[in-house]
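To keep things clear, I will list the structure first and then write my remarks on it.
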Amino acid sequence: MNKVDELLARVLDAGGIGSQSELARSLGINRSGITHARNKNKIPEKWIIKLYRTFGFNPGWLETGTGSVFLDSRSDRDVEFQSIPKVAARLSAGTGSFECEEHITDYLSFQTKWLAKKGSANQMVAMEVFGQSMEPVIKEGDTVLIDQSQKNILAGAIYAVGVEDTILVKRLEKHPNKLVLCSDNKDYAPIYLEREETDTIRVIGKVIWSCREYR
């Protein structure tokens, strides 16, 4: 059986979804997108992310049909840990730009109760940082956890922010008629955005956690 057909059958049954058209709407695609994936006999990774975030499906189960169906507490009150996808897109803590493609490279596990206290787990994603502008708090190579549901700016908090084709990790401050993107590394000057320029930025989400792997 086609891999995509197997996935669709699993999801329609477990999610109580009435039709492929309804599923396509949940994925934010049209029916031709499903047909294209079926013809390639390949499950798009963006589907896995969307289904995980929307329904809480276990990514491993989505791909293979084995293991627990759900990862979060909506389906299993005894779940103690929840997996958050880590994507290949790397956040800039300097001035460079990068390809922001949602390509899952790994999953990080966190205590479900802890995630619930920090924000919306199904809207969280982990990414790697490069650049030195947020040192010593966040160093190049660190992994940060971003809650994309938290876009309202709290002064002094750290956010992932899209500026044109660049995504930066910065502390945000609000000044009269200005938004300031601040670096912890004093070698990097603040970025001042006038009120009319703030419409050109995109607050991706609040950084709620970071970790460092020693090599």
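Each chain in the structure tokens gets a letter, A, B, ..., in the order shown, and its residues are numbered from 1; ligands are numbered from 1 in order too.
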Non-local contacts of A:Val87 (7 Å; only C-alpha atoms; under 4 positions in same chain excluded) as a VMD selection string: chain A and resid 102 to 105 126 to 127
Those same residues - C-alpha atoms - I'd like them written as an mmCIF file, in the first residue's frame.
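Result written to result_15.cif:
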data_model
loop_
_atom_site.group_PDB
_atom_site.id
_atom_site.type_symbol
_atom_site.label_atom_id
_atom_site.label_comp_id
_atom_site.auth_asym_id
_atom_site.auth_seq_id
_atom_site.Cartn_x
_atom_site.Cartn_y
_atom_site.Cartn_z
ATOM 1 C CA GLU A 102 11.043 23.233 8.488
ATOM 2 C CA HIS A 103 13.133 20.079 8.217
ATOM 3 C CA ILE A 104 13.030 17.933 11.328
ATOM 4 C CA THR A 105 16.424 16.665 12.395
ATOM 5 C CA ALA A 126 13.650 23.858 18.847
ATOM 6 C CA MET A 127 16.329 25.416 16.645
#
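Our summary of the geometry notes that atom CA of A:Ile34 is positioned 23.2 Å from atom CA of A:Asn122.
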Need the shell around A:Ile138: protein/DNA/RNA residues with any atom at most 10 Å away, counting only C-alpha atoms. Skip same-chain ones fewer than 6 positions apart. Format as a PyMOL selection string? chain A and resi 93+129-132+144+169+184-185+210-212
Report as a ChimeraX atom specification all protein, DNA and RNA residues lying within 12 Å of A:Arg171, evaluated on only C-alpha atoms, omitting residues in the same chain fewer than 4 positions from it. /A:93,133-135,137-138,153-161,179-185,190-191,203,205-207
Since we have the selection now, will you write its residues out, keeping C-alpha atoms, as a PDB file, in the first residue's frame?
ATOM      1  CA  ALA A  93      22.284  35.659  16.686  1.00  0.00           C
ATOM      2  CA  SER A 133      25.599  38.553  19.471  1.00  0.00           C
ATOM      3  CA  MET A 134      23.727  36.993  22.417  1.00  0.00           C
ATOM      4  CA  GLU A 135      26.799  35.784  24.309  1.00  0.00           C
ATOM      5  CA  VAL A 137      23.694  34.014  27.700  1.00  0.00           C
ATOM      6  CA  ILE A 138      23.221  32.203  24.382  1.00  0.00           C
ATOM      7  CA  ILE A 153       6.351  41.517  23.423  1.00  0.00           C
ATOM      8  CA  LEU A 154       7.444  41.504  27.059  1.00  0.00           C
ATOM      9  CA  ALA A 155      10.200  44.059  27.576  1.00  0.00           C
ATOM     10  CA  GLY A 156      13.571  42.425  28.135  1.00  0.00           C
ATOM     11  CA  ALA A 157      12.505  38.939  27.034  1.00  0.00           C
ATOM     12  CA  ILE A 158      14.302  37.084  24.233  1.00  0.00           C
ATOM     13  CA  TYR A 159      12.472  36.432  20.970  1.00  0.00           C
ATOM     14  CA  ALA A 160      13.085  34.952  17.566  1.00  0.00           C
ATOM     15  CA  VAL A 161      12.346  37.780  15.142  1.00  0.00           C
ATOM     16  CA  LEU A 179      11.162  48.843  18.829  1.00  0.00           C
ATOM     17  CA  VAL A 180      14.701  48.000  19.877  1.00  0.00           C
ATOM     18  CA  LEU A 181      16.419  44.682  19.151  1.00  0.00           C
ATOM     19  CA  CYS A 182      19.128  44.352  21.797  1.00  0.00           C
ATOM     20  CA  SER A 183      22.153  42.053  21.926  1.00  0.00           C
ATOM     21  CA  ASP A 184      23.682  40.793  25.165  1.00  0.00           C
ATOM     22  CA  ASN A 185      27.108  41.011  23.535  1.00  0.00           C
ATOM     23  CA  PRO A 190      21.179  47.728  19.173  1.00  0.00           C
ATOM     24  CA  ILE A 191      18.896  47.739  16.146  1.00  0.00           C
ATOM     25  CA  VAL A 203       7.844  38.032  15.835  1.00  0.00           C
ATOM     26  CA  GLY A 205       7.972  33.441  19.154  1.00  0.00           C
ATOM     27  CA  LYS A 206       9.431  33.783  22.608  1.00  0.00           C
ATOM     28  CA  VAL A 207      12.593  31.917  23.562  1.00  0.00           C
TER      29      VAL A 207
END
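Here atom CA of A:Glu22 and atom CA of A:Leu8 stand 11.4 Å from one another.
Each of A:Trp47, A:Phe70, A:Tyr52, A:Trp114 was compared to A:Ile84 using only C-alpha atoms, and A:Tyr52 turns out to be the nearest.
Interatomic distance, atom CA of A:Lys186 against atom CA of A:Met124: 29.1 Å.
Distances to A:Ser26 were evaluated for A:Ala88, A:Ile43, A:Leu51, A:Ala9 using only C-alpha atoms, and the minimum falls at A:Leu51.
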Output as a PyMOL selection string all residues of stretch 11-214 of chain A that backbone DSSP marks as strand (DSSP E). chain A and resi 81-92+104-111+124-130+143-147+158-163+166-175+178-182+191-194+201-211
Keeping C-alpha atoms for every residue in the selection just given, could you write it to a file as a compact mmCIF listing (two decimals), in the first residue's frame?
# COMPACT_ATOMS: atom_id res chain seq x y z
CA PHE A 81 7.13 13.51 28.59
CA GLN A 82 6.38 15.22 25.30
CA SER A 83 8.58 15.43 22.23
CA ILE A 84 9.32 18.77 20.57
CA PRO A 85 10.68 18.80 17.01
CA LYS A 86 14.09 20.29 16.32
CA VAL A 87 14.34 21.72 12.83
CA ALA A 88 17.29 22.29 10.56
CA ALA A 89 16.61 26.02 10.20
CA ARG A 90 19.15 27.88 12.31
CA LEU A 91 18.40 31.12 14.06
CA SER A 92 20.84 33.96 13.61
CA ILE A 104 13.03 17.93 11.33
CA THR A 105 16.42 16.66 12.39
CA ASP A 106 15.61 15.39 15.87
CA TYR A 107 13.14 15.46 18.74
CA LEU A 108 13.79 16.78 22.25
CA SER A 109 11.83 15.41 25.20
CA PHE A 110 10.51 17.62 27.99
CA GLN A 111 8.31 16.98 30.99
CA MET A 124 6.93 24.94 20.27
CA VAL A 125 9.94 24.20 18.11
CA ALA A 126 13.65 23.86 18.85
CA MET A 127 16.33 25.42 16.65
CA GLU A 128 20.08 25.92 16.71
CA VAL A 129 21.61 29.38 17.09
CA PHE A 130 24.65 30.67 15.24
CA THR A 143 19.74 25.07 21.00
CA VAL A 144 16.79 27.25 21.95
CA LEU A 145 13.15 26.34 22.52
CA ILE A 146 10.70 28.78 20.97
CA ASP A 147 7.00 29.05 21.78
CA ILE A 158 14.30 37.08 24.23
CA TYR A 159 12.47 36.43 20.97
CA ALA A 160 13.09 34.95 17.57
CA VAL A 161 12.35 37.78 15.14
CA GLY A 162 12.19 37.79 11.36
CA VAL A 163 13.59 40.95 9.76
CA THR A 166 16.95 37.28 8.29
CA ILE A 167 15.85 35.67 11.54
CA LEU A 168 17.49 37.00 14.69
CA VAL A 169 17.53 36.06 18.37
CA LYS A 170 17.32 39.30 20.35
CA ARG A 171 16.05 40.89 23.53
CA LEU A 172 13.19 43.22 22.65
CA GLU A 173 12.59 46.60 24.22
CA LYS A 174 9.83 49.08 23.48
CA HIS A 175 10.79 52.75 23.33
CA LYS A 178 10.43 52.51 18.41
CA LEU A 179 11.16 48.84 18.83
CA VAL A 180 14.70 48.00 19.88
CA LEU A 181 16.42 44.68 19.15
CA CYS A 182 19.13 44.35 21.80
CA ILE A 191 18.90 47.74 16.15
CA TYR A 192 16.32 50.54 16.29
CA LEU A 193 13.14 50.18 14.28
CA GLU A 194 10.89 53.21 13.89
CA ILE A 201 9.27 42.50 11.19
CA ARG A 202 7.76 39.20 12.24
CA VAL A 203 7.84 38.03 15.84
CA ILE A 204 8.21 34.27 15.47
CA GLY A 205 7.97 33.44 19.15
CA LYS A 206 9.43 33.78 22.61
CA VAL A 207 12.59 31.92 23.56
CA ILE A 208 11.70 30.04 26.74
CA TRP A 209 14.69 27.72 27.19
CA SER A 210 18.19 27.07 25.87
CA CYS A 211 20.78 24.32 26.22
